[in-house]
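Novice: Take this structure first; my questions come after.
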Number of protein chains: 2
Amino acid sequence: MTSCEQFDFLPRPALPSERMRQQAEARQARLTKPSGALGRLEQLACQLAAFTERLDWLPSRRAVIVCAADHGVARQGVSAYPQAVTAQMVLNFLRGGAAVNVLARQMNARVLVVDAGVAAELPEHPMLLSGKIAHGTADLSAGAAMSEAQAAESLRLGMRAFERIHAEGVDIVAVGEMGIANTTAASAIIAALTGASPAEVTGRGTGIDDARLQRKIEVIERALRVNQPRGCDTLAKVGGFEIGAMAGVMLAAAAARVPILLDGLISTAAALIAAEFAPEVRHALIAAHRSAERGHQIALDHLNLSPLLDLDMRLGEGTGALLALPLVEAAMRTLQEMATFDEAGVSEKEPSC
Amino acid sequence: MTSCEQFDFLPRPALPSERMRQQAEARQARLTKPSGALGRLEQLACQLAAFTERLDWLPSRRAVIVCAADHGVARQGVSAYPQAVTAQMVLNFLRGGAAVNVLARQMNARVLVVDAGVAAELPEHPMLLSGKIAHGTADLSAGAAMSEAQAAESLRLGMRAFERIHAEGVDIVAVGEMGIANTTAASAIIAALTGASPAEVTGRGTGIDDARLQRKIEVIERALRVNQPRGCDTLAKVGGFEIGAMAGVMLAAAAARVPILLDGLISTAAALIAAEFAPEVRHALIAAHRSAERGHQIALDHLNLSPLLDLDMRLGEGTGALLALPLVEAAMRTLQEMATFDEAGVSEKEPSC
């Protein structure tokens, strides 16, 4: 079994400032609204002030990092789409025609696509970071998806992707992915790291029918039996190159005090991997939405995260993550810009007796 | 009992175009994503294309209309705050210090405040439409909250507010309110029009304790017993001036094919009133969020509306409505801007057998 020692190169997540959290909470209590009336936005503002160590933090410079790779397990017929779609969609990202592009334009977020292991040659492009580790993983239902060296390489690639974005200036980063069959890998990770059964965490991905869903569950059961993934070796045994890259993005961002917006099932599986290496990464994570994939809530619960949106989406790419950006901005702006009771001359709550 | 005839002056809501809905659905099916993968956004885009009769509609010019008034029932001790807070908060709106101002700036929405019956003199202000019907309603637990003529006046005031915004150009309108004790009126309306019991629909408003909550439920039970509100007379018997104004805004906007973002409990009670006059108004309504007030979901269910956000908010003012604007924009932009499978050269789903 792999120990975690070989992943010593991973950066340590920053810890939140309790002093700053208390300052944020104290200010919330003086704003012209009933206490708690902004609900989740108030908790979010306090989390972000504590993690960024700034009451005046705003998610102004935004980026979405979309990690792409192929999966050997696709040959088991677990997806509704052929493997070629991974590369085709990466080209769609580079041309600006995918949902993630549309939402990134709306939200004023830069897009960086990372080729972590797409099973096709891709052109050079200013939006593309080429870091192809292999032409897809090995079939995780027949043995390890990748070697331990490849797992480390995928994490380092994610760190490099974040550093590229960070060097240009960034206040918040969303993570997304593309990879035919990657809900199979993500479900296997979630089962391995939460203890839930494959049947509980496996969903229909891009939209498979009952027969394929049953096959997908069996493939995941076999993968867990064959590989016996545990802790830090889970990424190599049943993961994916894009999943390792996303975990690398998260650990690098968390170390730089840059909050991370999770997307759906796959990015949350990557967060579970990141949390195996460094549990403190959770302080940097924002669960943007709950996807329609059934394993997602189980993974979020394990991370003690509560999603902001619940729109029955299951697209991936970072689309759900981007949609939460206005809520993050609203949480901080209300904390920063609202008048206090004193400033506005508004009467406070009457004593209840 | 009042008949609905005296409200004949109300405009008729526009009806959605089924042809345009089908065009939107057909385009959704060709976009580069698994069918249904954008979840609620897809349904929302189809609703909006049908209602506005435009595939290229966008919520570009935005406004929030915040209707304010006082309530005679405040004297029954149903709120945690003194009545003076209604006027104090209106002044806070006019100075730009309230949560609704912060979010309106973020979302690039104009703010129009309507004085429908605040129990204090208010200064003239370019953001304020003065239409004070009285210095607050009568105590609805002792008799009708207002006369039938006043109910009609409140509806006309809302129509005038919308016309002012519409004349300046508007693509979407959010509704919000301010009025100490108005969750009592809203809960009474919801009980009267949905058949739910006062205990089921009554919540803690700005944050009352158990003793006040019990008193509030009893006050609402008394209001229903004394007034026996039914259908079109509900507004006069247990409503509020700002609630009538909001219903007037909705009916005028729906007639002009301008979609309406509902806020929380009170605006949804106003939507129930509007739907009593003209059930077709539902096609124009978007439920922005589910508030923490327990009667809200019951009112939304009665209107067959499903909220986009669920953030445990209970502030009112239009804050929840404004937060959904980016989701409305995202729904339309993905429909309009995403590449189709053909355009992008992406393979479609494999046959499942």
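We name chains A, B, ... following the order of the structure tokens; residues begin at 1 in each chain, and ligands are numbered from 1 as shown.
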Up to 6 Å from chain B, what residues of chain A turn up? Count only C-alpha atoms and give them as number ranges by chain.

Specialist: A: 34, 37-40, 80-81, 88, 92, 97-99, 206, 311-315, 338-339, 344, 346, 349-350

Novice: Write to file, as a tab-separated table (two decimals), in the first residue's frame, the residues of the selection just made, with N, CA, C and O atoms.

Specialist:
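Done, and the output landed in again.tsv:
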```
chain	number	residue	atom	x	y	z
A	34	PRO	N	-32.58	42.11	10.21
A	34	PRO	CA	-32.72	41.21	11.35
A	34	PRO	C	-31.54	40.24	11.36
A	34	PRO	O	-31.05	39.83	10.31
A	37	ALA	N	-30.86	37.28	8.78
A	37	ALA	CA	-31.85	37.35	7.70
A	37	ALA	C	-31.26	37.12	6.32
A	37	ALA	O	-31.98	36.82	5.37
A	38	LEU	N	-29.94	37.23	6.18
A	38	LEU	CA	-29.33	36.91	4.89
A	38	LEU	C	-28.88	35.45	4.82
A	38	LEU	O	-28.20	35.04	3.87
A	39	GLY	N	-29.26	34.67	5.81
A	39	GLY	CA	-29.10	33.21	5.77
A	39	GLY	C	-27.70	32.76	5.39
A	39	GLY	O	-26.70	33.16	6.00
A	40	ARG	N	-27.63	31.90	4.39
A	40	ARG	CA	-26.37	31.30	3.96
A	40	ARG	C	-25.34	32.35	3.56
A	40	ARG	O	-24.14	32.12	3.66
A	80	ALA	N	-22.70	7.11	-21.98
A	80	ALA	CA	-23.62	7.19	-23.12
A	80	ALA	C	-22.92	7.75	-24.36
A	80	ALA	O	-23.46	7.70	-25.46
A	81	TYR	N	-21.70	8.29	-24.18
A	81	TYR	CA	-21.01	8.95	-25.29
A	81	TYR	C	-19.69	8.23	-25.62
A	81	TYR	O	-19.06	7.66	-24.73
A	88	GLN	N	-13.22	16.27	-28.54
A	88	GLN	CA	-14.13	17.16	-29.28
A	88	GLN	C	-14.61	18.30	-28.39
A	88	GLN	O	-14.70	19.45	-28.82
A	92	ASN	N	-14.14	22.37	-28.44
A	92	ASN	CA	-15.29	23.26	-28.25
A	92	ASN	C	-14.97	24.32	-27.18
A	92	ASN	O	-15.28	25.52	-27.36
A	97	GLY	N	-17.39	27.65	-27.46
A	97	GLY	CA	-18.77	27.28	-27.75
A	97	GLY	C	-19.47	26.44	-26.69
A	97	GLY	O	-20.65	26.13	-26.84
A	98	ALA	N	-18.76	26.09	-25.62
A	98	ALA	CA	-19.38	25.21	-24.62
A	98	ALA	C	-20.07	26.03	-23.53
A	98	ALA	O	-19.87	27.24	-23.41
A	99	ALA	N	-20.87	25.34	-22.73
A	99	ALA	CA	-21.60	26.02	-21.65
A	99	ALA	C	-20.63	26.74	-20.71
A	99	ALA	O	-20.90	27.87	-20.28
A	206	THR	N	-23.87	11.20	-17.97
A	206	THR	CA	-24.42	11.96	-19.09
A	206	THR	C	-25.82	11.49	-19.48
A	206	THR	O	-26.44	12.08	-20.36
A	311	LEU	N	-29.89	23.07	-8.69
A	311	LEU	CA	-30.62	23.35	-9.93
A	311	LEU	C	-30.75	22.12	-10.81
A	311	LEU	O	-31.05	22.23	-11.99
A	312	ASP	N	-30.49	20.95	-10.23
A	312	ASP	CA	-30.68	19.69	-10.96
A	312	ASP	C	-29.75	19.62	-12.19
A	312	ASP	O	-30.10	19.01	-13.20
A	313	MET	N	-28.58	20.25	-12.06
A	313	MET	CA	-27.63	20.25	-13.17
A	313	MET	C	-26.69	19.05	-13.07
A	313	MET	O	-26.44	18.53	-11.99
A	314	ARG	N	-26.18	18.61	-14.21
A	314	ARG	CA	-25.23	17.49	-14.22
A	314	ARG	C	-24.37	17.59	-15.46
A	314	ARG	O	-24.16	16.63	-16.18
A	315	LEU	N	-23.84	18.78	-15.71
A	315	LEU	CA	-23.07	19.01	-16.93
A	315	LEU	C	-21.57	18.96	-16.69
A	315	LEU	O	-20.79	18.57	-17.56
A	338	MET	N	-23.37	47.42	3.39
A	338	MET	CA	-24.62	47.78	4.07
A	338	MET	C	-24.36	48.77	5.19
A	338	MET	O	-23.33	48.72	5.86
A	339	ALA	N	-25.34	49.64	5.43
A	339	ALA	CA	-25.26	50.56	6.56
A	339	ALA	C	-25.50	49.79	7.86
A	339	ALA	O	-26.21	48.78	7.88
A	344	ALA	N	-27.58	54.34	9.94
A	344	ALA	CA	-28.84	54.60	9.25
A	344	ALA	C	-29.92	55.15	10.18
A	344	ALA	O	-30.98	55.53	9.72
A	346	VAL	N	-31.65	53.45	12.32
A	346	VAL	CA	-32.75	52.49	12.35
A	346	VAL	C	-32.83	51.88	13.75
A	346	VAL	O	-31.80	51.52	14.33
A	349	LYS	N	-34.11	45.77	17.41
A	349	LYS	CA	-35.17	44.88	17.87
A	349	LYS	C	-35.64	45.28	19.27
A	349	LYS	O	-34.84	45.65	20.13
A	350	GLU	N	-36.96	45.18	19.50
A	350	GLU	CA	-37.50	45.47	20.82
A	350	GLU	C	-37.22	44.30	21.75
A	350	GLU	O	-37.20	43.16	21.32
```

Novice: Could you name the residues that touch Gly240 of chain A at 10 Å or less, counting only C-alpha atoms, but leaving out those on the same chain fewer than 6 positions away, as JSON, numbers by chain?

Specialist: {"A": [68, 69, 70, 71, 72, 116, 117, 136, 137, 138, 140, 145, 146, 150, 151, 154, 179, 181, 182, 184, 185, 186, 189, 246, 266, 270]}

Novice: Go ahead and compute the interatomic distance for atom CA of Arg110 of chain A and atom CA of Gln28 of chain B, in Å to one decimal.

Specialist: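 Value for the atom CA of Arg110 of chain A-atom CA of Gln28 of chain B distance: 25.1 Å.
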
Novice: Point out the residue among B:His296, B:Arg30, B:Arg230, B:Arg12 with the least atom-to-atom distance to Leu193 of chain B, counting only C-alpha atoms.

Specialist: B:Arg230

Novice: Can you list, as JSON, numbers by chain, all residues belonging to segment 172-315 of chain B that DSSP tags as alpha helix (DSSP H)?

Specialist: {"B": [182, 183, 184, 185, 186, 187, 188, 189, 190, 191, 192, 193, 194, 198, 199, 200, 201, 210, 211, 212, 213, 214, 215, 216, 217, 218, 219, 220, 221, 222, 223, 224, 225, 226, 227, 234, 235, 236, 237, 238, 241, 242, 243, 244, 245, 246, 247, 248, 249, 250, 251, 252, 253, 254, 255, 265, 266, 267, 268, 269, 270, 271, 272, 273, 274, 275, 276, 277, 295, 296, 297, 298, 299, 300, 301, 302]}

Novice: Show me, as a PDB file with C-alpha atoms, in the first residue's frame, the residues that have an atom within 8 Å of Ser130 of chain B when counting only C-alpha atoms, minus same-chain residues fewer than 3 positions from it.

Specialist:
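Resulting contents of selection_10.pdb:
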```pdb
ATOM      1  CA  VAL B 114     -43.090  53.093  -3.599  1.00  0.00           C
ATOM      2  CA  ASP B 115     -44.700  54.663  -0.538  1.00  0.00           C
ATOM      3  CA  ALA B 116     -48.053  52.913  -0.562  1.00  0.00           C
ATOM      4  CA  GLU B 124     -39.555  63.834  -1.970  1.00  0.00           C
TER       5      GLU B 124
END
```

Novice: Which polymer residues have any atom within 9 Å of an atom of Leu157 of chain B, counting only C-alpha atoms, with same-chain residues fewer than 3 positions away left out, as a PyMOL selection string?

Specialist: chain B and resi 114+116+131+152-154+160-162+244-246+248-249

Novice: Would you save the residues from that selection as an mmCIF file, in the first residue's frame, using N, CA, C and O atoms?

Specialist:
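The resulting part09.cif:
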```cif
data_model
loop_
_atom_site.group_PDB
_atom_site.id
_atom_site.type_symbol
_atom_site.label_atom_id
_atom_site.label_comp_id
_atom_site.auth_asym_id
_atom_site.auth_seq_id
_atom_site.Cartn_x
_atom_site.Cartn_y
_atom_site.Cartn_z
ATOM 1 N N VAL B 114 -41.713 52.607 -3.519
ATOM 2 C CA VAL B 114 -43.090 53.093 -3.599
ATOM 3 C C VAL B 114 -43.625 53.242 -2.184
ATOM 4 O O VAL B 114 -43.657 52.270 -1.422
ATOM 5 N N ALA B 116 -46.636 53.241 -0.371
ATOM 6 C CA ALA B 116 -48.053 52.913 -0.562
ATOM 7 C C ALA B 116 -48.866 53.240 0.685
ATOM 8 O O ALA B 116 -50.096 53.238 0.629
ATOM 9 N N GLY B 131 -47.300 57.543 -3.055
ATOM 10 C CA GLY B 131 -48.687 57.185 -3.359
ATOM 11 C C GLY B 131 -49.399 56.779 -2.090
ATOM 12 O O GLY B 131 -50.218 55.864 -2.091
ATOM 13 N N ALA B 152 -58.395 48.922 -4.467
ATOM 14 C CA ALA B 152 -58.264 49.261 -5.885
ATOM 15 C C ALA B 152 -57.160 50.304 -6.078
ATOM 16 O O ALA B 152 -56.367 50.228 -7.031
ATOM 17 N N GLU B 153 -57.097 51.258 -5.153
ATOM 18 C CA GLU B 153 -56.084 52.310 -5.251
ATOM 19 C C GLU B 153 -54.675 51.714 -5.142
ATOM 20 O O GLU B 153 -53.753 52.126 -5.853
ATOM 21 N N SER B 154 -54.511 50.739 -4.259
ATOM 22 C CA SER B 154 -53.177 50.129 -4.103
ATOM 23 C C SER B 154 -52.774 49.390 -5.386
ATOM 24 O O SER B 154 -51.609 49.442 -5.799
ATOM 25 N N ARG B 160 -49.006 52.004 -11.759
ATOM 26 C CA ARG B 160 -48.316 53.267 -12.069
ATOM 27 C C ARG B 160 -46.801 53.107 -11.852
ATOM 28 O O ARG B 160 -45.993 53.615 -12.633
ATOM 29 N N ALA B 161 -46.434 52.417 -10.807
ATOM 30 C CA ALA B 161 -45.003 52.194 -10.528
ATOM 31 C C ALA B 161 -44.372 51.422 -11.687
ATOM 32 O O ALA B 161 -43.289 51.770 -12.174
ATOM 33 N N PHE B 162 -45.055 50.377 -12.125
ATOM 34 C CA PHE B 162 -44.497 49.626 -13.246
ATOM 35 C C PHE B 162 -44.421 50.498 -14.493
ATOM 36 O O PHE B 162 -43.421 50.455 -15.224
ATOM 37 N N GLY B 244 -51.026 45.095 -2.185
ATOM 38 C CA GLY B 244 -51.840 45.445 -3.354
ATOM 39 C C GLY B 244 -50.992 46.079 -4.443
ATOM 40 O O GLY B 244 -51.141 45.776 -5.638
ATOM 41 N N ALA B 245 -50.074 46.946 -4.030
ATOM 42 C CA ALA B 245 -49.211 47.603 -5.028
ATOM 43 C C ALA B 245 -48.348 46.575 -5.760
ATOM 44 O O ALA B 245 -48.160 46.647 -6.980
ATOM 45 N N MET B 246 -47.816 45.602 -5.019
ATOM 46 C CA MET B 246 -47.000 44.560 -5.666
ATOM 47 C C MET B 246 -47.843 43.750 -6.663
ATOM 48 O O MET B 246 -47.367 43.403 -7.752
ATOM 49 N N GLY B 248 -50.349 44.852 -8.264
ATOM 50 C CA GLY B 248 -50.550 45.745 -9.409
ATOM 51 C C GLY B 248 -49.332 45.780 -10.321
ATOM 52 O O GLY B 248 -49.455 45.766 -11.550
ATOM 53 N N VAL B 249 -48.143 45.822 -9.730
ATOM 54 C CA VAL B 249 -46.904 45.751 -10.517
ATOM 55 C C VAL B 249 -46.911 44.477 -11.360
ATOM 56 O O VAL B 249 -46.636 44.500 -12.567
#
```

Novice: Determine, counting only C-alpha atoms, which protein, DNA and RNA residues have an atom within 6 Å of an atom of Cys67 of chain A; residues of the same chain fewer than 2 positions away are not included. Present the result as an mmCIF file with N, CA, C and O atoms, in the first residue's frame.

Specialist:
```
data_model
loop_
_atom_site.group_PDB
_atom_site.id
_atom_site.type_symbol
_atom_site.label_atom_id
_atom_site.label_comp_id
_atom_site.auth_asym_id
_atom_site.auth_seq_id
_atom_site.Cartn_x
_atom_site.Cartn_y
_atom_site.Cartn_z
ATOM 1 N N VAL A 113 -7.845 25.677 -19.866
ATOM 2 C CA VAL A 113 -8.106 24.253 -20.072
ATOM 3 C C VAL A 113 -6.788 23.506 -19.867
ATOM 4 O O VAL A 113 -5.739 23.942 -20.363
ATOM 5 N N VAL A 114 -6.844 22.413 -19.124
ATOM 6 C CA VAL A 114 -5.644 21.623 -18.852
ATOM 7 C C VAL A 114 -5.813 20.244 -19.494
ATOM 8 O O VAL A 114 -6.762 19.527 -19.178
ATOM 9 N N GLU A 177 -14.248 20.076 -15.230
ATOM 10 C CA GLU A 177 -13.569 18.954 -15.893
ATOM 11 C C GLU A 177 -14.320 18.477 -17.123
ATOM 12 O O GLU A 177 -15.487 18.802 -17.321
ATOM 13 N N GLU A 242 -7.320 13.981 -14.745
ATOM 14 C CA GLU A 242 -7.946 15.301 -14.505
ATOM 15 C C GLU A 242 -8.358 15.452 -13.051
ATOM 16 O O GLU A 242 -8.404 16.562 -12.517
#
```

Novice: Could you check how far atom CA of Pro198 of chain A sits from atom CA of Ser267 of chain A, in Å to one decimal?

Specialist: 17.9 Å

Novice: Write out as a list in words the set of residues from segment 51-85 of chain A that DSSP, computed on the backbone, places in strand (DSSP E).

Specialist: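 Across segment 51-85 of chain A, those assigned strand (DSSP E) are Arg62, Ala63, Val64, Ile65, Val66, Cys67, Ala68 and Ala69 of chain A.
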
Novice: Rank nothing, just name the residue among A:Arg222, A:Arg282, A:Lys216, A:Arg294 nearest to Gly203 of chain A, using only C-alpha atoms.

Specialist: A:Arg294

Novice: Choose the residue, out of A:Leu305, A:Ala49, A:Val258, A:Ala188, that has the smallest atom-to-atom separation from Ala284 of chain A; count only C-alpha atoms.

Specialist: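 Selected residue with least distance to Ala284 of chain A: A:Val258.
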
Novice: Which residues are near Leu303 of chain B? Cut-off 12 Å, only C-alpha atoms, ignore same chain within fewer than 3 positions. Put them as a PyMOL selection string.

Specialist: chain B and resi 190+193-194+262+268-276+279-287+296-300+306-307

Novice: When you draw a straight line from atom CA of Val238 of chain B to atom CA of Phe277 of chain B, how long is it in Å?

Specialist: 16.1 Å

Novice: My list of candidates is B:Leu251, B:Ala167, B:Leu235, B:Val118. Which is closest to Phe9 of chain B when distances are computed with only C-alpha atoms?

Specialist: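 Ranked by minimum distance to Phe9 of chain B, first place goes to B:Leu251.
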
Novice: Find, counting only C-alpha atoms, the residue in B:Phe241, B:Ala24, B:Val111, B:Ala63 that gets nearest to Ile133 of chain B.

Specialist: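 Residue with the minimum atom-to-atom distance to Ile133 of chain B: B:Phe241.
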